[in-house]
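Structure first, then comments.
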Amino acid sequence: MNTAPDSDKVLDIRDLQVSFRSIAGTTRAVNGVSLDVRSGEIVGLVGESGCGKSVTIRSIVGLVPSPPALFEEGEIWLRTRRGMAETLSLHKNMKALRQIRGRDVSMIFQEPMRSVHPMMTIGKQITEGILEHEIVDPAEAYDRTVEMLDLVGLPNPAAQMNRYAHELSGGMRQRALIALALVCHPQLLLADEPTTALDVTIQAQILELIRDLRERMSMSVLLITHNMGVVATLADRISVMYLGKIMETGTVEEIFKEPAHPYTQGLLASMPSLFSQPKTHLQSLRGVVPELAMVPKGCVFADRCPHVMPKCDETPPVVELRADHSAACWLYADGGETPGAEAASTAEPLVSTEDTSGDFQKAVEVIPVPGTEPGSDSAQEPPADNDTAQLQIENVALHYPILRGLLRRQVGTVRAVDGVDLTIHRGETLGLVGESGCGKTSVGRLVARLVEPTAGRIRFGADGDLEEITHISQKEMKRVRRAMGMVFQDPLSSLNARMNIRNIVGEPLMLHQVAKGRAVDDRVGELLEMVGLRAAHQSRFPHAFSGGQRQRIAIARALATEPSFLVADEPVSALDVSVQAQILNLLLTLQQQLNLSMLFIAHDIAVVRHVSDRIAVMYLGKIVELGEAREICVRPVHPYTEALLASIPLPMPGLETLREMPKGDLPDPANPPRGCRFHTRCPYKQTICEQEEPPLRHIAGDPDHFGACHFQDELHLEGVEEIDDIHAPAAVAEGK
Amino acid sequence: MRTYILQRFLQMIIVMVVVMLVSFIIVELPPGDFLTTLREQLTDQNVDPKVIDSTVEMYRARYGLGENWFIRFGKWAWSLMKGDMGYSMQHNRPASELMGERLSLTIWISIATLIFMFVVSVPIGMLSAIKQYSAWDHSFTFLALLGVSVPSFITALVFLLLSVTLLGATTVAGLFSPEYVTAEWSWAKFVDMLKHVWIILFIVGLGDTASTIRVMRARMLDTLGEPYIDTARMKGLSGAKVYFRHALRVAINPIISSIGLRFPQIISGSTIVAIVLTLPLIGPLLLEALLGEDVYLACSILVVLTLALVIGNFLADLALAWLDPRIRFES
Amino acid sequence: MVQNAAEDGPLPLNETETEERFDVTKQVSYGRLIYLRFLRNHAAVVAAFALVFIYLITLVCPFFAPYDPNTRFLEKVAHPPLLPTFIDAEGKFHLRPFVYATVQSRDPKTMERMYTKDTTLRFPLRLFVRGDEYTFLFWDSDLHLFGAQDSPVFLLGTDTQGRDLFSRILFGGRISTTVGLIGVAISLVLGIVIGMASGYLGGAVDAVIQRGIEVLLSFPSLPLWMALSLSLPRHWSSIRIFLLITILLSIVGWGGLARVVRGMTLAVKSEEFVLASRMGGGGTWWILVRHILPTNLSYVIVAATLAVPGIILGETALSFLGLGIQPPMISWGVLLQDAQKVSFLSQMPWLIAPAFFIMATVLAFNFIGDGLRDALDPYSSF
């Protein structure tokens, strides 16, 4: 095996094993990974957090500090300008490694905000790379840098040369970093979650850029991400990784159309997509990703696998299913002709929507969600009390002063929320979607008066008529909040680490004097079981739970006082895909069971569509479109909604969207554009858009669908058609 | 940038006024009327009663004694701004005359200590971070903790003890060789001072050097974990370039901005070390003034020292703004 | 089990069990986790024991000290330390440690005092001997931990007036170490109240407090203390002076703590669990006491631990300069006054001994503070 691979391969990782030594013991982060990248190819390495993707990719260029890392086995062959080189052996030879870095292989990172040096100009940072590898005079390096900045699409490249990191937005920084990485024309670009920290519309731009540069600079890309949509849009081939092992490798079409490994199937099924049946249970993987120290023996996925069998105690072989498609699973072990293989690729869904789980039955009395019944199309049937409003906000605004200087003078105003009207009916879920900084979180907090509105009216009805709560005292508000619950984004920060679960979940009970002493224990126990945890766990502390479990605890707390209204502020965006589906399912179940009204806030329109009856799209403090969830996705009327839909990377390879991508960056919310706020990025912009701000009004012929575009009745915008016969696993499983 | 400087300047002026006000209150705090004390003291010194009367009258006029406190404060502050540090009752001389050389020497020694602190601690702290958990790191981490725990006057005492027992010295090592102590400033005197001063710098600066080593090490470790360091490494830069060009620049910022807090400590240290080692700095004069209840002298010393600090702090902030574009562009 | 996939449900049984089996940290509280992490830091643990020892012997000093600090041994003025030994001049081993008698003479040339051992007279050391009478917490006694009958034992020698330095160090330590604790307690209260108010209320309150602390921190502390000590009336009783000095030291010292608390409060304020508590009906007071204070507390304890040395050193320095604790009260700083004079120091180098007690105490506090800080670091692994 100790020979250089054929010249077609740019990168060849063979049986890589990396361990980390710590006080607790040695854990194996990468456990026999083999992977190759061929010339001009984009390979995606997908997996949930903590599965060893980053360590794998960083091992290629020696960016894993050793100690504590131990490279126990394996080879990494990399094509360099001097021929094939084995880079693991170069870890000790820093000089040779340095010659490779930046010249033969480059890397871009997850956090563009922190990956650009804060105290050096962009130009200097890039020219530094050229001067390190090539003997050129500074003037030439300067010219090449400007050229490169132009190539990555930074406006006015010569001016960017003298700018600092903090003057650039996240998207622009990622472009600058790509320029920095590619300025010496490496053959391989390693991209470590390059778009995770960016907004969807910016993500779409960066993905487009990477695809474009691959052609122009004839390079290969190894992309790691947790987002199946991103790999589907960008990659040619995919490897799926779980707990340090490659589970499945194949071309993008095969993986998405005929996923073989149960883990791949589970991952795909647990993603809410724009095609899935809204308000149905997603097929989630059970359990959570275990910590590395507790990786099971044999097949590492066995504990969570629906097809687990006795043989899974042994390490499964890598089975070639086809040329370029292999899976490490016992299901296919005997030549790929077992019934298992059939099951995997065709009719019978491997994951079932029925709640046959004995464990779960014990914990929660599951009321079937309408959409889950086969053939039922009743998901869109409006829930009980569609006409009674539970929450109504009118022209609500939240303005922050920008204070500067010694005397704290006000130099400007951030209009986080700038005149929003919304009504949420009893039992209804309203989804609020938008990019970062659009004010969606502020709306959620305004509703609960966690921040004080600058203007407008908020009316809320706990169990009867609406009552104005805009200016009532904190004491009055306490009474109102008893009927409201809130779930926050970050399950780590939303639970006080110093308190045990009983006190966290029981806090509202004690504050509202609902229960005391033993009664609190009992009620907390009930609540925990309701969200799928054990009552006995209430004496534990938050650090004993995983992210998904913590979010369950947060939901239990939000529901402690039996509220009728729930604000869910990005409740799943910090979670892994498989866990995200579990939490969405739980929220849907509880909503049905308790007849909750819900304000569901998220940045991912697919997630929002999945759980909401109606959707409001927000942009820079304003609502730009409001309507029935499916309607908005199929027939958007505002160009921003169209852009948002177009930007979502769909887990459907080959489904290229021809729609126009939004241009440029989000404007500064402190200084929003005049007229229509979207006009700076809108492909359909007319003169009137720069001058007059369009009001939110219903579109012609549909009194329930509102838009805030001057041309909403004239434009024909493209939404996402609901395709029934698509081979998306979500859709496949949906049918039966 | 200009707005930033202006803002910081205004802030400095405000702090200065408050410092003077606080100092003034401290002067006013001791019980007993100042003029009575003065009269008693002068009588004790057998001064001619006429001179006593005129001196008391002079003070009454100059400081507006007997008037409203804010008028008194105004007069005192005004005379201070004109460079009039008041009058020493003990020495019967203007305070500025007494302070003169001692003050400038104190400030120079403090600045030199600051430089000493930087030169020693930055490389040590940086190397400790780069070679984390090495023998070098462990030993300097321990030494730094030790250094932080030893106050400068004890270092000075130990130094005294060592020079007395080991070297058999009978007088205290000062800033100068005996022949230069009273001599006029000259190149030779300066060179002579350089020979003696390093041990003073070591004694005064030990604690702050040690704690700066700790800060530097921690900051450097933080910085080396930043993603932009990975970016730099991925360019193929050598270790030295990554450390010096990329990491050091960022890691050193908190050290520069901490000058504002270090400087007062160094002045404190130099005050007491000067007393122990009887150096011709401001410390012994302050002690003398305090023990002799020479309030205006003591207070002037306090104010002048503090104002020097406030100005130093201001300059440190300017340096920081010049180094760090994030601050430079903020306003 | 095969069809068990779809629903999330509670954790499968086997998984939970593995959890419990593998990870003890899962079950314990946050406080206990910190305690366990702290125990891993051996230097800090040793320092903690050392500190307990120092506080024990200084607080119960009348018992541990062989003599009253003011007992003068007129024939034993400026006596060098005389350490008990097990082996006598002839090399014979004695189970009970002993000291030899000493005889005073003068150097014929320099006329300096000299003490020579009289190896014929051995005085064995005894535990629980009767000696100088004292009152400890309303309890009269004359029992001392150790001593030798018929002859004084000077572990660290005597001073210029023939008083046992070891006894004086213990008595002085009582003042110096208490100043540290009381001073930090006052700073802590000021720092927590002002810091939390500054951080939680924000706005103008915050701005004023922050500028105030800036001014406070821009004074050089020692000269400021010196100037402030001037305002203490000299004729007051030494116990009142002691209390005032302590207050004075903490008035200058709270600024740093208030900054720590403010920073923490700001950080905690924006944490989602505070919002969650407000949603659950928690008012400002509830949130401050139930959430922000406990979250801050551990960091504040670290800051306080690291602030004790500063106050101890402040007292020592002031007393050393004659501006702090006034005789007849003794503190480590007062004891060091003698060492300041070169002529004394050259003849009686043991006079510097209090300095080592100061250093040991300060070092112990710093080690413990460091250990606590590392234990609190959320990024440190167990």
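Ligands are numbered from 1 in the order shown, chains are lettered A, B, ... in the order of the structure tokens, and residues start at 1 in each chain.
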
Residues within 12 Å of Asp36 in chain A, please, as a PDB file with C-alpha atoms, in the first residue's frame. Count only C-alpha atoms; anything in the same chain fewer than 3 positions from it doesn't count.
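File around-v4.pdb, as written:
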```pdb
ATOM      1  CA  PRO A   5      -1.488   6.665  -6.040  1.00  0.00           C
ATOM      2  CA  ASP A   6      -2.179   7.162  -9.713  1.00  0.00           C
ATOM      3  CA  SER A   7      -1.746  10.618 -11.028  1.00  0.00           C
ATOM      4  CA  ASP A   8      -5.434  11.251 -11.474  1.00  0.00           C
ATOM      5  CA  LYS A   9      -5.820  11.653  -7.748  1.00  0.00           C
ATOM      6  CA  VAL A  10      -5.103  14.996  -6.171  1.00  0.00           C
ATOM      7  CA  LEU A  11      -5.595  13.660  -2.696  1.00  0.00           C
ATOM      8  CA  ASP A  12      -5.635  10.121  -1.412  1.00  0.00           C
ATOM      9  CA  ILE A  13      -6.252   9.443   2.263  1.00  0.00           C
ATOM     10  CA  ARG A  14      -5.742   5.829   3.216  1.00  0.00           C
ATOM     11  CA  ASP A  15      -6.939   4.324   6.448  1.00  0.00           C
ATOM     12  CA  LEU A  16      -6.276   7.406   8.571  1.00  0.00           C
ATOM     13  CA  VAL A  33     -10.887   6.950   7.031  1.00  0.00           C
ATOM     14  CA  SER A  39      -8.595  16.225 -10.583  1.00  0.00           C
ATOM     15  CA  GLU A  41     -13.610  17.192  -8.649  1.00  0.00           C
ATOM     16  CA  ILE A  42     -15.583  18.549  -5.706  1.00  0.00           C
ATOM     17  CA  VAL A  43     -15.855  15.956  -2.976  1.00  0.00           C
ATOM     18  CA  GLY A  44     -18.156  16.519  -0.036  1.00  0.00           C
ATOM     19  CA  LEU A  45     -17.473  15.058   3.382  1.00  0.00           C
ATOM     20  CA  ILE A  57      -9.228  17.614   6.758  1.00  0.00           C
ATOM     21  CA  ILE A  60      -3.891  16.746   5.484  1.00  0.00           C
ATOM     22  CA  GLU A  75      -1.167   7.734   4.742  1.00  0.00           C
ATOM     23  CA  ILE A  76      -2.175  10.976   3.156  1.00  0.00           C
ATOM     24  CA  TRP A  77      -0.936  11.402  -0.408  1.00  0.00           C
ATOM     25  CA  LEU A  78      -1.170  14.814  -1.930  1.00  0.00           C
ATOM     26  CA  ARG A  79      -0.313  15.888  -5.454  1.00  0.00           C
ATOM     27  CA  LEU A 188      -6.719  21.511  -4.014  1.00  0.00           C
ATOM     28  CA  SER A 220     -10.295  20.254  -6.881  1.00  0.00           C
ATOM     29  CA  VAL A 221     -12.239  20.934  -3.734  1.00  0.00           C
ATOM     30  CA  LEU A 222     -12.705  18.901  -0.603  1.00  0.00           C
ATOM     31  CA  ARG A 237     -19.029  12.797  -4.944  1.00  0.00           C
ATOM     32  CA  ILE A 238     -19.903  12.453  -1.285  1.00  0.00           C
ATOM     33  CA  SER A 239     -18.563  10.610   1.719  1.00  0.00           C
ATOM     34  CA  THR A 249     -19.272   6.924  -0.353  1.00  0.00           C
ATOM     35  CA  GLY A 250     -20.799   7.553  -3.736  1.00  0.00           C
ATOM     36  CA  ASP A 324     -18.139   4.480  -7.101  1.00  0.00           C
TER      37      ASP A 324
END
```

Polymer residues at most 8 Å from range 78-84 of chain B, only C-alpha atoms, same-chain spacing of 3 or more positions, as a list in words
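Close residues of range 78-84 of chain B: Gly74, Lys75, Ala95, Ser96 and Ser300 of chain B.
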
Dump N, CA, C and O atoms for the selected residues as a CSV table (one decimal), in the first residue's frame?
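selection.csv written:
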```csv
chain,number,residue,atom,x,y,z
B,74,GLY,N,-10.9,75.9,44.2
B,74,GLY,CA,-10.5,76.7,43.0
B,74,GLY,C,-9.2,77.3,43.1
B,74,GLY,O,-8.3,77.2,42.2
B,75,LYS,N,-8.9,78.0,44.2
B,75,LYS,CA,-7.7,78.7,44.4
B,75,LYS,C,-6.5,77.7,44.4
B,75,LYS,O,-5.5,78.0,43.7
B,95,ALA,N,7.4,73.8,47.7
B,95,ALA,CA,7.4,72.4,47.4
B,95,ALA,C,8.0,72.0,46.1
B,95,ALA,O,8.7,71.0,46.0
B,96,SER,N,7.8,72.8,45.1
B,96,SER,CA,8.3,72.5,43.8
B,96,SER,C,9.8,72.4,43.8
B,96,SER,O,10.4,71.5,43.1
B,300,SER,N,0.4,67.7,47.2
B,300,SER,CA,0.9,68.1,45.9
B,300,SER,C,1.7,66.9,45.2
B,300,SER,O,1.5,66.6,44.0
```

Taking the DSSP assignment computed from this structure's backbone, write out as a ChimeraX atom specification all residues of range 31-268 of chain C that belong to helix (DSSP H, G or I).
/C:31-40,42-59,61-64,74-76,165-201,203-218,221-229,238-268

Please run DSSP on the backbone and report, as a PyMOL selection string, all residues within range 40-199 of chain B that come out as strand (DSSP E or B).
chain B and resi 87-88+93-94

Hey, can you spit out that residue selection with C-alpha atoms as a PDB file, in the first residue's frame?
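The resulting file, out00.pdb, is shown below:
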```
ATOM      1  CA  TYR B  87       4.924  75.552  50.402  1.00  0.00           C
ATOM      2  CA  SER B  88       6.592  73.069  52.642  1.00  0.00           C
ATOM      3  CA  ARG B  93      10.823  76.047  50.977  1.00  0.00           C
ATOM      4  CA  PRO B  94       8.451  75.911  48.047  1.00  0.00           C
TER       5      PRO B  94
END
```

Could you please tell me, as a ChimeraX atom specification, which residues of chain A have an atom within 7 Å of chain B when using only C-alpha atoms?
/A:98-99,101-102,106-107,114-117,119,129,132,166,405-406

Convert the current residue selection to file output with all heavy atoms, as a compact mmCIF listing (two decimals), in the first residue's frame.
```
# COMPACT_ATOMS: atom_id res chain seq x y z
N ARG A 98 5.44 23.57 4.91
CA ARG A 98 5.14 24.97 4.63
C ARG A 98 5.15 25.26 3.14
O ARG A 98 4.39 26.08 2.65
CB ARG A 98 6.16 25.87 5.33
CG ARG A 98 5.95 25.98 6.81
CD ARG A 98 6.51 27.28 7.33
NE ARG A 98 7.83 27.59 6.82
CZ ARG A 98 8.96 27.25 7.44
NH1 ARG A 98 8.92 26.61 8.57
NH2 ARG A 98 10.11 27.58 6.91
N GLN A 99 6.03 24.55 2.42
CA GLN A 99 6.09 24.78 0.97
C GLN A 99 4.82 24.30 0.28
O GLN A 99 4.44 24.79 -0.76
CB GLN A 99 7.31 24.08 0.38
CG GLN A 99 8.57 24.84 0.72
CD GLN A 99 9.80 24.12 0.23
OE1 GLN A 99 9.73 22.99 -0.24
NE2 GLN A 99 10.95 24.78 0.35
N ARG A 101 1.73 24.15 1.88
CA ARG A 101 0.61 24.97 2.31
C ARG A 101 0.50 26.25 1.49
O ARG A 101 1.48 26.99 1.36
CB ARG A 101 0.78 25.37 3.77
CG ARG A 101 0.58 24.26 4.76
CD ARG A 101 0.85 24.85 6.13
NE ARG A 101 0.72 23.86 7.19
CZ ARG A 101 1.09 24.11 8.44
NH1 ARG A 101 1.60 25.29 8.75
NH2 ARG A 101 0.94 23.20 9.38
N GLY A 102 -0.65 26.51 0.98
CA GLY A 102 -0.88 27.75 0.26
C GLY A 102 -0.49 27.65 -1.19
O GLY A 102 -1.00 28.39 -2.02
N SER A 106 -4.75 24.65 -0.20
CA SER A 106 -5.15 25.79 0.62
C SER A 106 -6.40 25.44 1.38
O SER A 106 -7.04 24.43 1.11
CB SER A 106 -5.42 27.01 -0.25
OG SER A 106 -4.28 27.78 -0.35
N MET A 107 -6.75 26.33 2.29
CA MET A 107 -7.89 25.99 3.14
C MET A 107 -8.68 27.25 3.47
O MET A 107 -8.11 28.31 3.72
CB MET A 107 -7.37 25.34 4.42
CG MET A 107 -8.46 24.76 5.28
SD MET A 107 -7.71 23.52 6.37
CE MET A 107 -9.08 23.14 7.40
N ARG A 114 -13.73 35.48 12.05
CA ARG A 114 -12.55 35.40 12.90
C ARG A 114 -11.33 34.89 12.16
O ARG A 114 -10.27 34.73 12.76
CB ARG A 114 -12.83 34.49 14.10
CG ARG A 114 -13.84 35.12 15.08
CD ARG A 114 -14.29 34.12 16.11
NE ARG A 114 -13.18 33.65 16.92
CZ ARG A 114 -13.19 32.50 17.59
NH1 ARG A 114 -14.23 31.73 17.54
NH2 ARG A 114 -12.15 32.14 18.31
N SER A 115 -11.48 34.62 10.89
CA SER A 115 -10.35 34.02 10.18
C SER A 115 -9.48 35.03 9.44
O SER A 115 -8.48 34.67 8.86
CB SER A 115 -10.85 32.96 9.19
OG SER A 115 -11.49 31.93 9.89
N VAL A 116 -9.90 36.27 9.42
CA VAL A 116 -9.08 37.32 8.82
C VAL A 116 -8.37 38.04 9.96
O VAL A 116 -8.99 38.38 10.96
CB VAL A 116 -9.95 38.33 8.04
CG1 VAL A 116 -9.08 39.32 7.30
CG2 VAL A 116 -10.86 37.61 7.08
N HIS A 117 -7.08 38.28 9.80
CA HIS A 117 -6.33 38.94 10.87
C HIS A 117 -6.91 40.33 11.11
O HIS A 117 -7.09 41.10 10.17
CB HIS A 117 -4.86 39.05 10.50
CG HIS A 117 -3.99 39.36 11.67
ND1 HIS A 117 -3.88 40.63 12.16
CD2 HIS A 117 -3.24 38.58 12.48
CE1 HIS A 117 -3.07 40.60 13.22
NE2 HIS A 117 -2.67 39.36 13.42
N MET A 119 -5.75 43.03 12.48
CA MET A 119 -4.91 44.23 12.51
C MET A 119 -4.04 44.38 11.28
O MET A 119 -3.07 45.12 11.30
CB MET A 119 -4.05 44.21 13.78
CG MET A 119 -4.88 44.39 15.04
SD MET A 119 -3.97 43.99 16.52
CE MET A 119 -2.81 45.34 16.55
N GLY A 129 1.18 35.93 1.25
CA GLY A 129 1.17 34.56 0.78
C GLY A 129 1.97 34.39 -0.51
O GLY A 129 2.73 33.45 -0.67
N GLU A 132 5.67 34.69 0.02
CA GLU A 132 6.23 33.57 0.74
C GLU A 132 6.65 32.46 -0.23
O GLU A 132 7.63 31.77 0.00
CB GLU A 132 5.19 33.04 1.73
CG GLU A 132 5.67 31.97 2.68
CD GLU A 132 6.69 32.51 3.68
OE1 GLU A 132 6.61 33.70 4.03
OE2 GLU A 132 7.59 31.73 4.07
N HIS A 166 -12.56 44.34 10.04
CA HIS A 166 -13.82 44.80 10.63
C HIS A 166 -14.60 45.70 9.68
O HIS A 166 -15.75 46.02 9.96
CB HIS A 166 -13.55 45.52 11.94
CG HIS A 166 -12.76 46.77 11.78
ND1 HIS A 166 -11.38 46.79 11.81
CD2 HIS A 166 -13.14 48.04 11.54
CE1 HIS A 166 -10.97 48.01 11.62
NE2 HIS A 166 -12.00 48.80 11.46
N GLY A 405 -19.35 58.12 22.21
CA GLY A 405 -18.58 59.17 22.85
C GLY A 405 -18.80 59.27 24.34
O GLY A 405 -19.54 58.50 24.95
N LEU A 406 -18.15 60.25 24.89
CA LEU A 406 -18.10 60.43 26.33
C LEU A 406 -19.46 60.78 26.88
O LEU A 406 -19.89 60.31 27.93
CB LEU A 406 -17.12 61.56 26.62
CG LEU A 406 -16.62 61.65 28.04
CD1 LEU A 406 -15.88 60.38 28.38
CD2 LEU A 406 -15.70 62.83 28.15
```

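Taking CA of Met193 in chain B and CA of Thr106 in chain B as endpoints, the distance between them is 13.3 Å.
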
Within 7 Å of range 29-41 of chain C using only C-alpha atoms, minus same-chain residues under 5 positions, as a ChimeraX atom specification:
/A:497-498,541 /C:371-372,375-376,382

Please save all heavy atoms of the selected residues as a compact mmCIF listing (two decimals), in the first residue's frame.
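The result, stored in selection.txt:
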```txt
# COMPACT_ATOMS: atom_id res chain seq x y z
N ALA A 497 -26.42 26.78 34.47
CA ALA A 497 -25.59 25.62 34.78
C ALA A 497 -25.49 25.34 36.28
O ALA A 497 -25.13 24.24 36.68
CB ALA A 497 -24.18 25.83 34.21
N ARG A 498 -25.81 26.34 37.09
CA ARG A 498 -25.68 26.16 38.53
C ARG A 498 -26.91 25.52 39.16
O ARG A 498 -26.95 25.25 40.33
CB ARG A 498 -25.47 27.50 39.24
CG ARG A 498 -24.40 28.36 38.67
CD ARG A 498 -23.04 27.72 38.92
NE ARG A 498 -21.98 28.68 38.77
CZ ARG A 498 -21.48 29.07 37.60
NH1 ARG A 498 -21.95 28.57 36.49
NH2 ARG A 498 -20.50 29.94 37.54
N PHE A 541 -27.77 17.95 36.61
CA PHE A 541 -27.45 19.32 36.20
C PHE A 541 -27.32 19.39 34.68
O PHE A 541 -27.06 18.37 34.04
CB PHE A 541 -26.17 19.77 36.89
CG PHE A 541 -26.39 20.06 38.35
CD1 PHE A 541 -26.48 19.04 39.28
CD2 PHE A 541 -26.58 21.37 38.78
CE1 PHE A 541 -26.72 19.30 40.62
CE2 PHE A 541 -26.82 21.64 40.10
CZ PHE A 541 -26.89 20.61 41.03
N GLY C 371 -5.58 28.12 41.17
CA GLY C 371 -6.19 26.80 41.09
C GLY C 371 -7.70 26.91 40.90
O GLY C 371 -8.28 26.21 40.09
N LEU C 372 -8.31 27.82 41.67
CA LEU C 372 -9.75 28.00 41.55
C LEU C 372 -10.12 28.49 40.16
O LEU C 372 -11.09 28.03 39.56
CB LEU C 372 -10.24 29.02 42.59
CG LEU C 372 -10.42 28.52 44.01
CD1 LEU C 372 -10.83 29.67 44.92
CD2 LEU C 372 -11.49 27.44 44.05
N ALA C 375 -9.99 25.75 37.78
CA ALA C 375 -11.09 24.81 38.02
C ALA C 375 -12.40 25.35 37.47
O ALA C 375 -13.26 24.60 37.04
CB ALA C 375 -11.22 24.52 39.51
N LEU C 376 -12.53 26.68 37.47
CA LEU C 376 -13.77 27.28 36.99
C LEU C 376 -13.82 27.39 35.49
O LEU C 376 -14.89 27.56 34.91
CB LEU C 376 -13.91 28.69 37.56
CG LEU C 376 -14.30 28.80 39.02
CD1 LEU C 376 -14.31 30.24 39.43
CD2 LEU C 376 -15.67 28.20 39.21
N PHE C 382 -12.53 17.71 32.21
CA PHE C 382 -12.36 17.05 33.49
C PHE C 382 -11.28 16.00 33.37
O PHE C 382 -11.29 15.19 32.51
CB PHE C 382 -13.65 16.37 33.97
CG PHE C 382 -13.45 15.72 35.30
CD1 PHE C 382 -13.42 16.51 36.44
CD2 PHE C 382 -13.22 14.37 35.42
CE1 PHE C 382 -13.20 15.94 37.68
CE2 PHE C 382 -13.01 13.80 36.66
CZ PHE C 382 -13.00 14.58 37.79
```

I need the contact residues of chain C against chain B, so if you could list those with any atom within 6 Å, counting only C-alpha atoms, and return them as an MDAnalysis selection string, that would help.
chainID C and resid 215 219:220 222 231 346 359 362:363

Excluding Tyr100 in chain C and any residue of its chain fewer than 2 positions from it, enumerate the residues within 10 Å of it, using only C-alpha atoms, and give them as a PyMOL selection string.
chain C and resi 82-85+88-89+98+102-103+116-124+151-153

May I have the selected residues written with N, CA and C atoms, as a compact mmCIF listing (two decimals), in the first residue's frame?
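Wrote out20.txt, looks like this:
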```txt
# COMPACT_ATOMS: atom_id res chain seq x y z
N LEU C 82 17.58 29.84 67.78
CA LEU C 82 18.15 28.67 68.41
C LEU C 82 17.21 27.52 68.11
N LEU C 83 17.62 26.72 67.14
CA LEU C 83 16.70 25.67 66.73
C LEU C 83 16.86 24.43 67.58
N PRO C 84 15.76 23.82 68.00
CA PRO C 84 15.85 22.57 68.77
C PRO C 84 16.51 21.48 67.92
N THR C 85 17.21 20.60 68.55
CA THR C 85 17.88 19.54 67.81
C THR C 85 17.71 18.22 68.54
N ASP C 88 23.02 15.68 70.18
CA ASP C 88 23.80 16.57 71.03
C ASP C 88 25.22 16.74 70.51
N ALA C 89 26.00 17.51 71.27
CA ALA C 89 27.35 17.85 70.83
C ALA C 89 28.22 16.62 70.65
N PHE C 98 15.84 19.15 72.02
CA PHE C 98 16.27 20.00 73.13
C PHE C 98 16.99 21.23 72.60
N THR C 102 22.44 29.23 76.54
CA THR C 102 23.40 30.12 75.89
C THR C 102 23.92 31.12 76.91
N VAL C 103 25.11 31.57 76.65
CA VAL C 103 25.74 32.54 77.54
C VAL C 103 26.09 33.79 76.75
N THR C 116 27.12 32.27 73.16
CA THR C 116 27.79 30.99 72.94
C THR C 116 26.99 29.90 73.62
N LYS C 117 27.00 28.72 72.97
CA LYS C 117 26.23 27.61 73.52
C LYS C 117 26.98 26.99 74.68
N ASP C 118 26.21 26.65 75.67
CA ASP C 118 26.78 25.91 76.80
C ASP C 118 26.30 24.48 76.64
N THR C 119 27.17 23.62 76.09
CA THR C 119 26.72 22.28 75.73
C THR C 119 26.53 21.39 76.93
N THR C 120 26.81 21.90 78.11
CA THR C 120 26.59 21.06 79.28
C THR C 120 25.15 21.12 79.77
N LEU C 121 24.48 22.18 79.37
CA LEU C 121 23.12 22.34 79.86
C LEU C 121 22.12 22.11 78.75
N ARG C 122 21.41 20.98 78.80
CA ARG C 122 20.39 20.69 77.80
C ARG C 122 19.03 20.96 78.39
N PHE C 123 18.17 21.63 77.59
CA PHE C 123 16.79 21.83 78.03
C PHE C 123 15.86 21.14 77.05
N PRO C 124 15.30 20.00 77.43
CA PRO C 124 14.42 19.31 76.48
C PRO C 124 13.11 20.09 76.28
N SER C 151 14.34 27.32 80.60
CA SER C 151 15.11 28.08 79.61
C SER C 151 14.20 28.51 78.47
N PRO C 152 14.38 29.70 77.98
CA PRO C 152 13.57 30.14 76.86
C PRO C 152 13.97 29.45 75.56
N VAL C 153 12.99 29.31 74.65
CA VAL C 153 13.27 28.75 73.32
C VAL C 153 13.00 29.85 72.31
```

Report as a ChimeraX atom specification all protein, DNA and RNA residues lying within 10 Å of range 50-61 of chain C, evaluated on only C-alpha atoms, omitting residues in the same chain fewer than 5 positions from it.
/C:44-45,66-69,136-137,144-145,167-178,357,360-365,368
